[in-house]
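**Q** Structure: model_17.cif, mmCIF, C-alpha atoms.
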data_input
loop_
_atom_site.label_atom_id
_atom_site.label_comp_id
_atom_site.auth_asym_id
_atom_site.auth_seq_id
_atom_site.Cartn_x
_atom_site.Cartn_y
_atom_site.Cartn_z
CA MET A 21 0.00 0.00 0.00
CA ALA A 22 2.80 2.36 0.88
CA ASN A 23 4.37 1.87 -2.50
CA ALA A 24 1.07 2.30 -4.28
CA ARG A 25 0.41 5.55 -2.42
CA ASN A 26 3.87 6.83 -3.13
CA ALA A 27 3.36 6.28 -6.84
CA LEU A 28 0.52 8.82 -6.88
CA PRO A 29 1.38 12.46 -7.50
CA PHE A 30 1.66 14.78 -4.53
CA PHE A 31 -0.61 17.82 -4.66
CA GLY A 32 -0.65 20.93 -2.52
CA ALA A 33 -0.68 24.71 -2.35
CA ARG A 34 1.39 27.21 -0.39
CA ILE A 35 -0.50 30.45 0.15
CA SER A 36 0.01 33.86 1.72
CA LEU A 37 -2.61 36.55 2.26
CA TYR A 38 -1.64 40.22 2.35
CA PRO A 39 -4.28 42.74 3.48
CA MET A 40 -2.89 46.29 3.08
CA THR A 41 -4.40 47.60 6.30
CA ASP A 42 -3.51 48.10 9.97
CA ASP A 43 -6.17 45.47 10.66
CA TYR A 44 -4.48 42.82 8.57
CA VAL A 45 -4.59 40.22 11.31
CA SER A 46 -8.38 40.48 11.67
CA VAL A 47 -8.87 40.36 7.89
CA ILE A 48 -6.77 37.20 7.73
CA LEU A 49 -8.55 35.60 10.67
CA GLY A 50 -11.93 36.48 9.14
CA ALA A 51 -10.89 34.96 5.82
CA ILE A 52 -9.86 31.63 7.31
CA GLU A 53 -12.61 31.43 9.96
CA GLY A 54 -14.61 28.26 9.63
CA LEU A 55 -12.40 26.95 6.84
CA PRO A 56 -13.16 23.28 6.40
CA SER A 57 -9.84 21.56 6.81
CA THR A 58 -11.05 18.01 7.16
CA GLY A 59 -8.52 15.73 5.60
CA LEU A 60 -6.12 18.55 4.70
CA GLU A 61 -2.58 18.83 5.95
CA VAL A 62 -2.10 22.42 7.15
CA GLU A 63 1.24 23.94 8.17
CA THR A 64 1.65 27.65 8.96
CA ASP A 65 4.91 29.52 9.46
CA ASP A 66 5.84 33.20 9.51
CA VAL A 67 5.82 33.51 5.70
CA SER A 68 3.12 31.20 4.32
CA THR A 69 0.64 28.40 4.92
CA PHE A 70 0.85 25.01 3.26
CA LEU A 71 -2.29 23.05 2.36
CA GLY A 72 -1.86 19.44 1.26
CA GLY A 73 -4.37 16.82 0.24
CA ASP A 74 -7.46 16.62 -1.94
CA ARG A 75 -7.33 19.12 -4.78
CA ASN A 76 -11.05 19.85 -4.83
CA ALA A 77 -10.83 20.85 -1.21
CA ILE A 78 -7.70 22.92 -1.77
CA TRP A 79 -8.99 24.88 -4.78
CA CYS A 80 -12.22 25.60 -2.90
CA ALA A 81 -10.20 26.77 0.09
CA LEU A 82 -8.16 29.16 -2.08
CA GLU A 83 -11.31 30.70 -3.55
CA ARG A 84 -13.07 30.90 -0.20
CA VAL A 85 -10.18 32.53 1.65
CA PHE A 86 -9.50 35.14 -1.01
CA ALA A 87 -13.18 35.96 -1.65
CA ARG A 88 -13.76 36.54 2.06
CA ALA A 89 -10.69 38.73 2.35
CA ALA A 90 -11.70 40.74 -0.73
CA ARG A 91 -15.20 41.27 0.67
CA SER A 92 -13.61 43.16 3.56
CA GLY A 93 -13.25 46.00 1.07
CA GLU A 94 -9.55 46.39 1.85
CA HIS A 95 -6.87 46.12 -0.80
CA VAL A 96 -5.88 42.46 -0.46
CA VAL A 97 -3.49 40.21 -2.34
CA MET A 98 -3.05 36.46 -2.12
CA THR A 99 -0.19 34.49 -3.60
CA ALA A 100 -0.37 30.75 -4.20
CA LEU A 101 2.24 28.23 -5.28
CA ILE A 102 0.39 25.17 -6.57
CA SER A 103 2.31 21.97 -7.19
CA HIS A 104 1.55 18.53 -8.62
CA GLY A 105 3.89 15.55 -8.75
CA CYS A 106 6.96 17.04 -7.08
CA PRO A 107 9.54 14.24 -6.87
CA GLY A 108 10.53 13.32 -3.34
CA GLU A 109 7.21 14.27 -1.75
CA THR A 110 5.61 11.28 -0.05
CA TYR A 111 2.12 12.40 0.95
CA CYS A 112 -0.42 11.87 -1.78
CA GLU A 113 -3.95 13.03 -2.39
CA PRO A 114 -6.72 10.41 -2.35
CA ASP A 115 -7.68 10.78 -6.00
CA PRO A 116 -5.26 12.52 -8.37
CA LEU A 117 -6.66 15.05 -10.84
CA THR A 118 -10.27 14.85 -9.74
CA GLY A 119 -9.90 14.90 -5.98
CA SER A 120 -12.05 12.80 -3.72
CA ALA A 121 -15.82 12.74 -3.68
CA ARG A 122 -15.68 13.84 -0.05
CA ALA A 123 -14.79 17.40 -0.96
CA THR A 124 -17.79 19.34 -2.21
CA ALA A 125 -16.96 22.02 -4.76
CA THR A 126 -18.19 25.37 -3.45
CA HIS A 127 -17.69 28.71 -5.11
CA GLU A 128 -17.64 31.64 -2.72
CA GLY A 129 -15.83 33.83 -5.22
CA LYS A 130 -18.77 34.47 -7.54
CA GLY A 131 -19.28 38.18 -8.03
CA VAL A 132 -15.97 39.18 -6.43
CA PRO A 133 -13.99 41.02 -9.15
CA ILE A 134 -10.25 40.39 -9.13
CA SER A 135 -7.10 40.88 -11.15
CA ALA A 136 -4.68 37.99 -11.36
CA GLN A 137 -1.27 37.20 -12.78
CA TRP A 138 -0.06 33.63 -13.17
CA SER A 139 2.77 31.53 -14.52
CA LEU A 140 2.83 27.82 -15.35
CA TYR A 141 5.96 25.67 -15.08
CA PRO A 142 5.83 22.14 -16.57
CA LEU A 143 9.12 20.71 -15.28
CA GLY A 144 11.52 18.17 -16.74
CA ALA A 145 9.86 18.26 -20.16
CA GLY A 146 11.46 19.50 -23.35
CA GLY A 147 8.20 20.67 -24.93
CA TYR A 148 7.17 22.76 -21.94
CA MET A 149 6.71 26.01 -23.88
CA ASP A 150 4.10 24.35 -26.09
CA VAL A 151 2.25 23.20 -22.97
CA ILE A 152 2.35 26.76 -21.59
CA TYR A 153 1.14 28.33 -24.84
CA GLY A 154 -1.68 25.78 -25.08
CA GLU A 155 -2.88 26.51 -21.55
CA ILE A 156 -2.77 30.28 -22.16
CA GLU A 157 -5.07 29.67 -25.14
CA ARG A 158 -7.39 27.78 -22.79
CA THR A 159 -7.74 30.87 -20.56
CA LYS A 160 -8.50 32.95 -23.67
CA ARG A 161 -11.33 30.59 -24.60
CA ALA A 162 -12.62 30.84 -21.04
CA GLY A 163 -12.87 34.62 -21.41
CA VAL A 164 -10.63 35.59 -18.50
CA PHE A 165 -7.36 36.32 -20.35
CA ALA A 166 -6.57 40.03 -20.08
CA GLY A 167 -3.16 40.20 -21.75
CA GLY A 168 0.35 38.86 -21.71
CA ALA A 169 3.27 40.48 -19.94
CA HIS A 170 6.86 39.53 -19.21
CA PHE A 171 6.80 36.13 -17.42
CA VAL A 172 3.06 36.15 -16.58
CA SER A 173 -0.42 36.14 -18.05
CA LYS A 174 -2.95 38.62 -16.75
CA LEU A 175 -6.44 37.36 -15.96
CA GLU A 176 -9.54 39.30 -14.99
CA GLY A 177 -12.98 38.24 -13.86
CA ASP A 178 -14.61 37.17 -10.66
CA ALA A 179 -12.63 35.02 -8.27
CA CYS A 180 -14.64 31.96 -9.26
CA SER A 181 -14.11 32.20 -13.01
CA VAL A 182 -10.44 33.15 -12.73
CA LEU A 183 -9.58 30.30 -10.37
CA ASP A 184 -11.67 27.83 -12.35
CA SER A 185 -9.70 28.73 -15.47
CA ILE A 186 -6.37 28.43 -13.74
CA ARG A 187 -7.38 25.06 -12.34
CA ALA A 188 -8.58 23.78 -15.73
CA ALA A 189 -5.27 24.80 -17.30
CA PHE A 190 -3.28 23.31 -14.44
CA ASP A 191 -5.15 20.00 -14.50
CA ASP A 192 -4.74 19.74 -18.26
CA ALA A 193 -1.00 20.33 -18.01
CA CYS A 194 -0.82 17.59 -15.36
CA GLY A 195 -2.22 15.23 -17.98
CA SER A 196 0.90 15.53 -20.11
CA VAL A 197 3.68 16.46 -17.65
CA SER A 198 4.38 14.63 -14.40
CA HIS A 199 5.62 17.63 -12.38
CA VAL A 200 3.72 20.89 -12.80
CA VAL A 201 3.95 24.08 -10.73
CA ALA A 202 1.91 27.27 -11.00
CA HIS A 203 2.43 30.59 -9.25
CA VAL A 204 -0.66 32.76 -8.93
CA THR A 205 -1.14 36.30 -7.59
CA LEU A 206 -4.72 37.43 -6.91
CA SER A 207 -5.47 41.10 -6.21
CA ALA A 208 -8.70 42.88 -5.20
CA ASN A 209 -9.60 46.49 -4.43
CA SER A 210 -6.31 47.93 -5.69
CA PRO A 211 -6.23 51.71 -6.00
CA THR A 212 -3.81 51.42 -8.92
CA PRO A 213 -5.46 51.68 -12.33
CA LYS A 214 -5.01 48.65 -14.55
CA GLY A 215 -2.29 49.00 -17.14
CA ARG A 216 -0.75 52.11 -15.57
CA PRO A 217 2.41 52.89 -17.55
CA MET B 5 23.48 43.11 -34.32
CA ALA B 6 19.83 42.41 -33.81
CA ASN B 7 20.44 38.70 -34.18
CA ALA B 8 23.42 38.80 -31.85
CA ARG B 9 21.38 40.62 -29.20
CA ASN B 10 18.50 38.21 -29.57
CA ALA B 11 20.84 35.28 -28.99
CA LEU B 12 21.61 36.57 -25.49
CA PRO B 13 19.39 35.48 -22.61
CA PHE B 14 16.65 37.78 -21.43
CA PHE B 15 16.78 38.71 -17.75
CA GLY B 16 14.28 40.46 -15.56
CA ALA B 17 12.31 40.48 -12.33
CA ARG B 18 8.64 41.00 -11.58
CA ILE B 19 8.13 42.32 -8.06
CA SER B 20 5.30 43.30 -5.72
CA LEU B 21 5.61 45.00 -2.34
CA TYR B 22 2.98 44.45 0.35
CA PRO B 23 3.11 46.68 3.45
CA MET B 24 0.47 45.51 5.96
CA THR B 25 -0.57 49.00 7.03
CA ASP B 26 -3.14 51.66 6.19
CA ASP B 27 -0.18 53.74 4.99
CA TYR B 28 0.90 51.16 2.43
CA VAL B 29 1.06 53.66 -0.39
CA SER B 30 3.52 55.88 1.47
CA VAL B 31 5.66 52.88 2.48
CA ILE B 32 5.81 51.80 -1.17
CA LEU B 33 6.61 55.31 -2.42
CA GLY B 34 9.31 55.67 0.23
CA ALA B 35 10.84 52.35 -0.77
CA ILE B 36 11.11 53.23 -4.45
CA GLU B 37 12.01 56.92 -3.98
CA GLY B 38 15.23 57.77 -5.74
CA LEU B 39 15.56 54.29 -7.22
CA PRO B 40 18.19 54.43 -9.93
CA SER B 41 16.44 53.16 -13.02
CA THR B 42 18.96 54.21 -15.61
CA GLY B 43 18.99 51.65 -18.33
CA LEU B 44 16.21 49.54 -16.79
CA GLU B 45 12.92 48.80 -18.46
CA VAL B 46 10.20 49.46 -15.87
CA GLU B 47 6.52 48.57 -16.30
CA THR B 48 3.98 48.92 -13.49
CA ASP B 49 0.43 47.60 -13.48
CA ASP B 50 -2.16 47.05 -10.74
CA VAL B 51 -0.58 43.77 -9.59
CA SER B 52 3.20 44.05 -10.02
CA THR B 53 6.16 45.92 -11.44
CA PHE B 54 8.49 44.50 -14.08
CA LEU B 55 12.19 45.41 -14.12
CA GLY B 56 14.21 44.37 -17.17
CA GLY B 57 17.84 44.88 -18.05
CA ASP B 58 21.20 44.59 -16.32
CA ARG B 59 21.13 41.99 -13.57
CA ASN B 60 23.51 43.82 -11.23
CA ALA B 61 21.17 46.79 -11.32
CA ILE B 62 18.09 44.62 -10.81
CA TRP B 63 19.40 42.61 -7.84
CA CYS B 64 20.54 45.87 -6.21
CA ALA B 65 17.10 47.36 -6.80
CA LEU B 66 15.38 44.37 -5.17
CA GLU B 67 17.56 44.66 -2.07
CA ARG B 68 17.22 48.43 -1.89
CA VAL B 69 13.46 48.47 -2.22
CA PHE B 70 12.85 45.75 0.33
CA ALA B 71 15.39 47.04 2.85
CA ARG B 72 13.83 50.50 2.76
CA ALA B 73 10.35 49.11 3.18
CA ALA B 74 11.47 46.91 6.09
CA ARG B 75 13.12 49.86 7.81
CA SER B 76 9.67 51.47 8.03
CA GLY B 77 9.09 49.04 10.89
CA GLU B 78 5.84 47.82 9.37
CA HIS B 79 5.22 44.18 8.53
CA VAL B 80 6.22 44.11 4.86
CA VAL B 81 6.47 41.36 2.28
CA MET B 82 7.95 41.46 -1.19
CA THR B 83 7.55 38.80 -3.84
CA ALA B 84 9.85 38.51 -6.84
CA LEU B 85 9.71 36.34 -9.94
CA ILE B 86 13.21 36.28 -11.43
CA SER B 87 13.71 34.88 -14.92
CA HIS B 88 16.68 34.19 -17.20
CA GLY B 89 16.54 32.99 -20.78
CA CYS B 90 12.78 32.80 -21.28
CA PRO B 91 12.22 31.77 -24.91
CA GLY B 92 10.34 34.32 -26.94
CA GLU B 93 11.55 37.35 -25.01
CA THR B 94 13.47 39.70 -27.29
CA TYR B 95 15.00 42.31 -24.99
CA CYS B 96 18.38 41.29 -23.65
CA GLU B 97 20.65 42.53 -20.91
CA PRO B 98 24.01 44.04 -21.87
CA ASP B 99 26.17 41.38 -20.26
CA PRO B 100 24.60 38.03 -19.34
CA LEU B 101 25.44 36.51 -15.96
CA THR B 102 27.68 39.30 -14.73
CA GLY B 103 25.69 42.36 -15.71
CA SER B 104 27.32 45.45 -17.09
CA ALA B 105 30.08 47.43 -15.45
CA ARG B 106 27.78 50.43 -15.45
CA ALA B 107 25.73 49.11 -12.56
CA THR B 108 27.51 49.51 -9.24
CA ALA B 109 26.67 46.83 -6.71
CA THR B 110 25.27 48.45 -3.57
CA HIS B 111 23.95 46.62 -0.53
CA GLU B 112 21.35 48.56 1.40
CA GLY B 113 20.04 45.41 3.05
CA LYS B 114 22.92 44.88 5.46
CA GLY B 115 21.64 44.56 9.01
CA VAL B 116 17.97 44.24 8.00
CA PRO B 117 16.83 40.82 9.33
CA ILE B 118 14.41 38.95 7.09
CA SER B 119 12.77 35.59 6.55
CA ALA B 120 12.56 34.28 3.01
CA GLN B 121 11.13 31.36 1.10
CA TRP B 122 12.25 30.55 -2.40
CA SER B 123 11.86 28.02 -5.19
CA LEU B 124 14.07 27.40 -8.22
CA TYR B 125 12.77 26.12 -11.55
CA PRO B 126 15.33 25.05 -14.18
CA LEU B 127 13.07 24.53 -17.20
CA GLY B 128 13.29 22.14 -20.15
CA ALA B 129 15.99 20.05 -18.52
CA GLY B 130 15.64 16.43 -17.44
CA GLY B 131 18.15 16.68 -14.59
CA TYR B 132 16.48 19.71 -13.01
CA MET B 133 16.04 18.16 -9.56
CA ASP B 134 19.80 17.64 -9.28
CA VAL B 135 20.31 21.31 -10.16
CA ILE B 136 17.81 22.31 -7.47
CA TYR B 137 19.36 20.09 -4.80
CA GLY B 138 22.82 21.40 -5.66
CA GLU B 139 21.73 25.02 -5.30
CA ILE B 140 20.01 24.30 -1.97
CA GLU B 141 23.36 22.94 -0.76
CA ARG B 142 24.96 26.21 -1.89
CA THR B 143 22.62 28.18 0.41
CA LYS B 144 23.53 25.84 3.26
CA ARG B 145 27.22 26.55 2.74
CA ALA B 146 26.41 30.28 2.70
CA GLY B 147 24.84 29.94 6.17
CA VAL B 148 21.39 31.27 5.30
CA PHE B 149 19.47 27.99 4.88
CA ALA B 150 16.88 27.67 7.65
CA GLY B 151 15.04 24.51 6.64
CA GLY B 152 13.17 22.79 3.88
CA ALA B 153 9.39 22.78 3.54
CA HIS B 154 6.93 21.60 0.92
CA PHE B 155 7.88 23.30 -2.39
CA VAL B 156 10.22 25.93 -0.87
CA SER B 157 13.43 26.43 1.04
CA LYS B 158 13.43 28.75 4.02
CA LEU B 159 16.26 31.26 4.34
CA GLU B 160 17.10 33.61 7.19
CA GLY B 161 19.65 36.37 7.57
CA ASP B 162 19.92 40.00 6.65
CA ALA B 163 18.48 41.11 3.33
CA CYS B 164 21.95 41.40 1.84
CA SER B 165 23.17 37.89 2.69
CA VAL B 166 19.86 36.23 1.78
CA LEU B 167 19.60 37.92 -1.62
CA ASP B 168 23.29 37.38 -2.34
CA SER B 169 22.82 33.66 -1.72
CA ILE B 170 19.74 33.45 -3.90
CA ARG B 171 21.57 35.29 -6.67
CA ALA B 172 24.63 33.04 -6.44
CA ALA B 173 22.42 29.96 -6.69
CA PHE B 174 20.42 31.46 -9.54
CA ASP B 175 23.50 32.48 -11.53
CA ASP B 176 25.05 29.06 -11.06
CA ALA B 177 21.88 27.35 -12.30
CA CYS B 178 21.95 29.61 -15.36
CA GLY B 179 25.38 28.18 -16.14
CA SER B 180 23.91 24.74 -16.80
CA VAL B 181 20.28 25.40 -17.84
CA SER B 182 19.23 27.91 -20.50
CA HIS B 183 15.87 28.91 -18.95
CA VAL B 184 15.79 29.39 -15.17
CA VAL B 185 13.05 30.93 -13.02
CA ALA B 186 13.04 31.62 -9.28
CA HIS B 187 10.17 32.74 -7.07
CA VAL B 188 11.18 34.52 -3.87
CA THR B 189 9.12 35.78 -0.93
CA LEU B 190 10.85 38.15 1.51
CA SER B 191 9.22 39.01 4.85
CA ALA B 192 10.21 41.44 7.61
CA ASN B 193 8.69 42.43 10.94
CA SER B 194 6.12 39.63 10.97
CA PRO B 195 4.27 39.19 14.25
CA THR B 196 3.98 35.46 13.57
CA PRO B 197 6.58 33.34 15.34
CA LYS B 198 8.79 31.31 13.04
CA GLY B 199 7.77 27.67 12.74
CA ARG B 200 4.36 28.14 14.36
CA PRO B 201 2.58 24.76 14.07
#
For this file, produce the structure as structure tokens.

**A**
Amino acid sequence: MANARNALPFFGARISLYPMTDDYVSVILGAIEGLPSTGLEVETDDVSTFLGGDRNAIWCALERVFARAARSGEHVVMTALISHGCPGETYCEPDPLTGSARATATHEGKGVPISAQWSLYPLGAGGYMDVIYGEIERTKRAGVFAGGAHFVSKLEGDACSVLDSIRAAFDDACGSVSHVVAHVTLSANSPTPKGRP
Amino acid sequence: MANARNALPFFGARISLYPMTDDYVSVILGAIEGLPSTGLEVETDDVSTFLGGDRNAIWCALERVFARAARSGEHVVMTALISHGCPGETYCEPDPLTGSARATATHEGKGVPISAQWSLYPLGAGGYMDVIYGEIERTKRAGVFAGGAHFVSKLEGDACSVLDSIRAAFDDACGSVSHVVAHVTLSANSPTPKGRP
């Protein structure tokens, strides 16, 4: 059993939430209050929080935490490092790619407008740029692509549609490359105009 | 000449600064005030700022901006995506790996204690995990390695020694892999104890 489990890809996310306010601690605590963590591995340090386990549960947690923080009205940013199949990791999710049936998909980010920037890294594969270009096209078809920039793609929409598109691209890349990482920055309520020169 | 320039690797950094205070705008403006940008390509949008050009100038800018923000005493975080040799990019630095002689190396981060987490992604190469492990060992020899965690290495020290170590590891990886990306999170003045369970 141990060997069988270890053959499955490891999945997890490392997140940080940055509310630009004196009350950042209460915004963070409000965002994570009541977070269902059943079955998730959670580790917090002074820089970030790691969530490991079922990917349905983890994607829902990302959307829930950021949507709640954004609804505070403060300028908030969340960064997430999402990783699938990292060699050497030994904890594995119950059901790769689809997650387990235990985690209900909820979408608390509907109607919360955000800006995002993200990068996709298919590792150890020679044709990785083709994978990246293909997944960028997927976000265009989904209607959330807002432009390319050095090293990142810009996405705009509500938190639900943006994260759904990133997840769809990420899952698809996992179908062709064994080790895939994405870095995502989500921003809400910024006073800076989009595309400021 | 155009072809010769295009054959050189592209280098740049995409950074965001997050001061957790109502006065975040003034902390950011204070951190970037007087930033020497001669010769750098600078693009700011509502999520991040891109710096392209000479790598000496860019690494110095990262250290300067974060050290000044940290000296405000507020809890501040800066994220940086650093990239070398991304295919498809057409702007190139004057002198790959070493930077140009025009950029003087300054270190405004001496004595500013920080926590950092970073990840290295050598792309398109089958032996990338060996490159990563080797560069982690380099940070251990430099005395800034503070532990491994899922997907990241933790570094501690002053802003100068931490960024110097990340740069040394990054430059060395560039010597063996044509496209290298690093993601770095720098944190100062956090109220959260290190290693909180």

**Q** I need the output of the PyMOL selection byres ((chain A and resi 211) around 8) for this file as a list of chain:residue names; which residues are they?

**A** A:His95, A:Asn209, A:Ser210, A:Thr212, A:Pro213, B:Asp50

**Q** May I have the protein, DNA and RNA residues with an atom at most 12 Å from (8.3, 24.6, 9.9), counting only C-alpha atoms in the file's coordinates, returned as a ChimeraX atom specification?

**A** /A:62-70 /B:121,150-154,156-159,197-201

**Q** Taking the file as I've supplied it (selection: the PyMOL selection byres ((chain B and resi 132) around 10)), which residues are included? Please answer as a list in words.

**A**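 The output of the PyMOL selection byres ((chain B and resi 132) around 10) on this file is Leu143, Gly144 and Ala145 of chain A; Leu124, Tyr125, Pro126, Leu127, Gly128, Ala129, Gly130, Gly131, Met133, Asp134, Val135, Ile136, Tyr137, Gly138, Ala177, Ser180, Val181 and Val184 of chain B.
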
**Q** Separation of atom CA of B:Gly89 and atom CA of B:His183, in Å?

**A** 4.5 Å

**Q** Would you translate the PyMOL selection byres ((chain A and resi 31-46) around 6) into the concrete set of residues it matches in this file, as a ChimeraX atom specification?

**A** /A:30,47-50,68-72,95-104 /B:24-26

**Q** Restricting the calculation to only C-alpha atoms: of A:Gly93, A:Asp178, A:Arg187, A:Ser139, which residue gets closest to A:Ala202?

**A**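 Comparing A:Gly93, A:Asp178, A:Arg187, A:Ser139 against A:Ala202, the winner is A:Ser139.
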
**Q** Would you mind telling me which residue in B:Gly38, B:Gly161, B:Gly92, B:Gly113 lies nearest to chain A when using only C-alpha atoms?

**A**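 Selected residue with least distance to chain A: B:Gly92.
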
**Q** Using all atoms listed in the file, which residues sit within 9 Å of A:Ile52 once same-chain residues fewer than 5 positions away are excluded, as a PyMOL selection string?

**A** chain A and resi 47+81+84-85+88-89

**Q** Just how far from atom CA of B:Gly147 is atom CA of B:Lys114, in Å to one decimal?

**A** 15.1 Å

**Q** My list of candidates is A:Ala208, A:Leu82, A:Ala188, A:Cys180. Which is closest to chain B when distances are computed with all atoms listed in the file?

**A**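 Using all atoms listed in the file, chain B sits closest to A:Ala208.
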
**Q** Ranking A:Ala125, A:Val182, A:Ala189, A:Cys194 by minimum distance to A:Ala87 and counting all atoms listed in the file, which one comes first?

**A**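 For A:Ala87, the nearest of the candidates is A:Val182.
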
**Q** Considering all atoms listed in the file, state which residue in the set B:Ala120, B:Ala74, B:Leu167, B:Ala35 is at the smallest distance from chain A.

**A**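 Of B:Ala120, B:Ala74, B:Leu167, B:Ala35, the one nearest chain A is B:Ala120, counting all atoms listed in the file.
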
**Q** Enter the distance from atom CA of A:Gly131 to atom CA of A:Gly59, in Å, rounded to one decimal.

**A**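 Atom CA of A:Gly59 lies 28.4 Å from atom CA of A:Gly131.
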
**Q** Which of these residues is nearest to chain A, using only C-alpha atoms: B:Pro91, B:Pro13, B:Gly57, B:Pro40?

**A**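 That would be B:Pro91, the residue with the smallest distance to chain A.
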
**Q** I'd like the contact shell of B:Asp168 - 10 Å cut-off, only C-alpha atoms, skipping same-chain residues fewer than 5 positions apart - returned as a VMD selection string.

**A** chain B and resid 63 to 64 67 111 143 146 148 162 to 163 173 to 174

**Q** Where atoms are missing, can you supply N, CA, C and O atoms for stretch 171-184 of chain B and output the lot as a PDB file, in the coordinates of the input?

**A**
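Output contents, as saved in selection.pdb:
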ATOM      1  N   ARG B 171      20.982  34.946  -5.386  1.00  0.00           N
ATOM      2  CA  ARG B 171      21.570  35.290  -6.670  1.00  0.00           C
ATOM      3  C   ARG B 171      22.681  34.325  -7.068  1.00  0.00           C
ATOM      4  O   ARG B 171      22.772  33.917  -8.228  1.00  0.00           O
ATOM      5  N   ALA B 172      23.537  33.960  -6.113  1.00  0.00           N
ATOM      6  CA  ALA B 172      24.630  33.040  -6.440  1.00  0.00           C
ATOM      7  C   ALA B 172      24.083  31.705  -6.933  1.00  0.00           C
ATOM      8  O   ALA B 172      24.589  31.126  -7.898  1.00  0.00           O
ATOM      9  N   ALA B 173      23.029  31.227  -6.275  1.00  0.00           N
ATOM     10  CA  ALA B 173      22.420  29.960  -6.690  1.00  0.00           C
ATOM     11  C   ALA B 173      21.773  30.103  -8.065  1.00  0.00           C
ATOM     12  O   ALA B 173      21.902  29.225  -8.924  1.00  0.00           O
ATOM     13  N   PHE B 174      21.097  31.226  -8.257  1.00  0.00           N
ATOM     14  CA  PHE B 174      20.420  31.460  -9.540  1.00  0.00           C
ATOM     15  C   PHE B 174      21.433  31.540 -10.674  1.00  0.00           C
ATOM     16  O   PHE B 174      21.275  30.888 -11.718  1.00  0.00           O
ATOM     17  N   ASP B 175      22.489  32.340 -10.477  1.00  0.00           N
ATOM     18  CA  ASP B 175      23.500  32.480 -11.530  1.00  0.00           C
ATOM     19  C   ASP B 175      24.145  31.148 -11.858  1.00  0.00           C
ATOM     20  O   ASP B 175      24.401  30.831 -13.024  1.00  0.00           O
ATOM     21  N   ASP B 176      24.416  30.350 -10.815  1.00  0.00           N
ATOM     22  CA  ASP B 176      25.050  29.060 -11.060  1.00  0.00           C
ATOM     23  C   ASP B 176      24.127  28.147 -11.863  1.00  0.00           C
ATOM     24  O   ASP B 176      24.579  27.458 -12.790  1.00  0.00           O
ATOM     25  N   ALA B 177      22.833  28.166 -11.536  1.00  0.00           N
ATOM     26  CA  ALA B 177      21.880  27.350 -12.300  1.00  0.00           C
ATOM     27  C   ALA B 177      21.835  27.791 -13.762  1.00  0.00           C
ATOM     28  O   ALA B 177      21.698  26.968 -14.673  1.00  0.00           O
ATOM     29  N   CYS B 178      21.960  29.095 -13.988  1.00  0.00           N
ATOM     30  CA  CYS B 178      21.950  29.610 -15.360  1.00  0.00           C
ATOM     31  C   CYS B 178      23.153  29.098 -16.157  1.00  0.00           C
ATOM     32  O   CYS B 178      23.128  29.102 -17.390  1.00  0.00           O
ATOM     33  N   GLY B 179      24.204  28.699 -15.452  1.00  0.00           N
ATOM     34  CA  GLY B 179      25.380  28.180 -16.140  1.00  0.00           C
ATOM     35  C   GLY B 179      25.144  26.808 -16.761  1.00  0.00           C
ATOM     36  O   GLY B 179      25.858  26.405 -17.684  1.00  0.00           O
ATOM     37  N   SER B 180      24.129  26.082 -16.270  1.00  0.00           N
ATOM     38  CA  SER B 180      23.910  24.740 -16.800  1.00  0.00           C
ATOM     39  C   SER B 180      22.542  24.562 -17.477  1.00  0.00           C
ATOM     40  O   SER B 180      22.323  23.574 -18.163  1.00  0.00           O
ATOM     41  N   VAL B 181      21.625  25.506 -17.252  1.00  0.00           N
ATOM     42  CA  VAL B 181      20.280  25.400 -17.840  1.00  0.00           C
ATOM     43  C   VAL B 181      19.961  26.733 -18.519  1.00  0.00           C
ATOM     44  O   VAL B 181      20.185  27.799 -17.938  1.00  0.00           O
ATOM     45  N   SER B 182      19.407  26.670 -19.731  1.00  0.00           N
ATOM     46  CA  SER B 182      19.230  27.910 -20.500  1.00  0.00           C
ATOM     47  C   SER B 182      18.075  28.767 -19.999  1.00  0.00           C
ATOM     48  O   SER B 182      18.100  29.978 -20.141  1.00  0.00           O
ATOM     49  N   HIS B 183      17.037  28.147 -19.419  1.00  0.00           N
ATOM     50  CA  HIS B 183      15.870  28.910 -18.950  1.00  0.00           C
ATOM     51  C   HIS B 183      15.666  28.591 -17.464  1.00  0.00           C
ATOM     52  O   HIS B 183      15.366  27.456 -17.097  1.00  0.00           O
ATOM     53  N   VAL B 184      15.872  29.577 -16.626  1.00  0.00           N
ATOM     54  CA  VAL B 184      15.790  29.390 -15.170  1.00  0.00           C
ATOM     55  C   VAL B 184      14.858  30.448 -14.593  1.00  0.00           C
ATOM     56  O   VAL B 184      14.958  31.630 -14.929  1.00  0.00           O
TER      57      VAL B 184
END
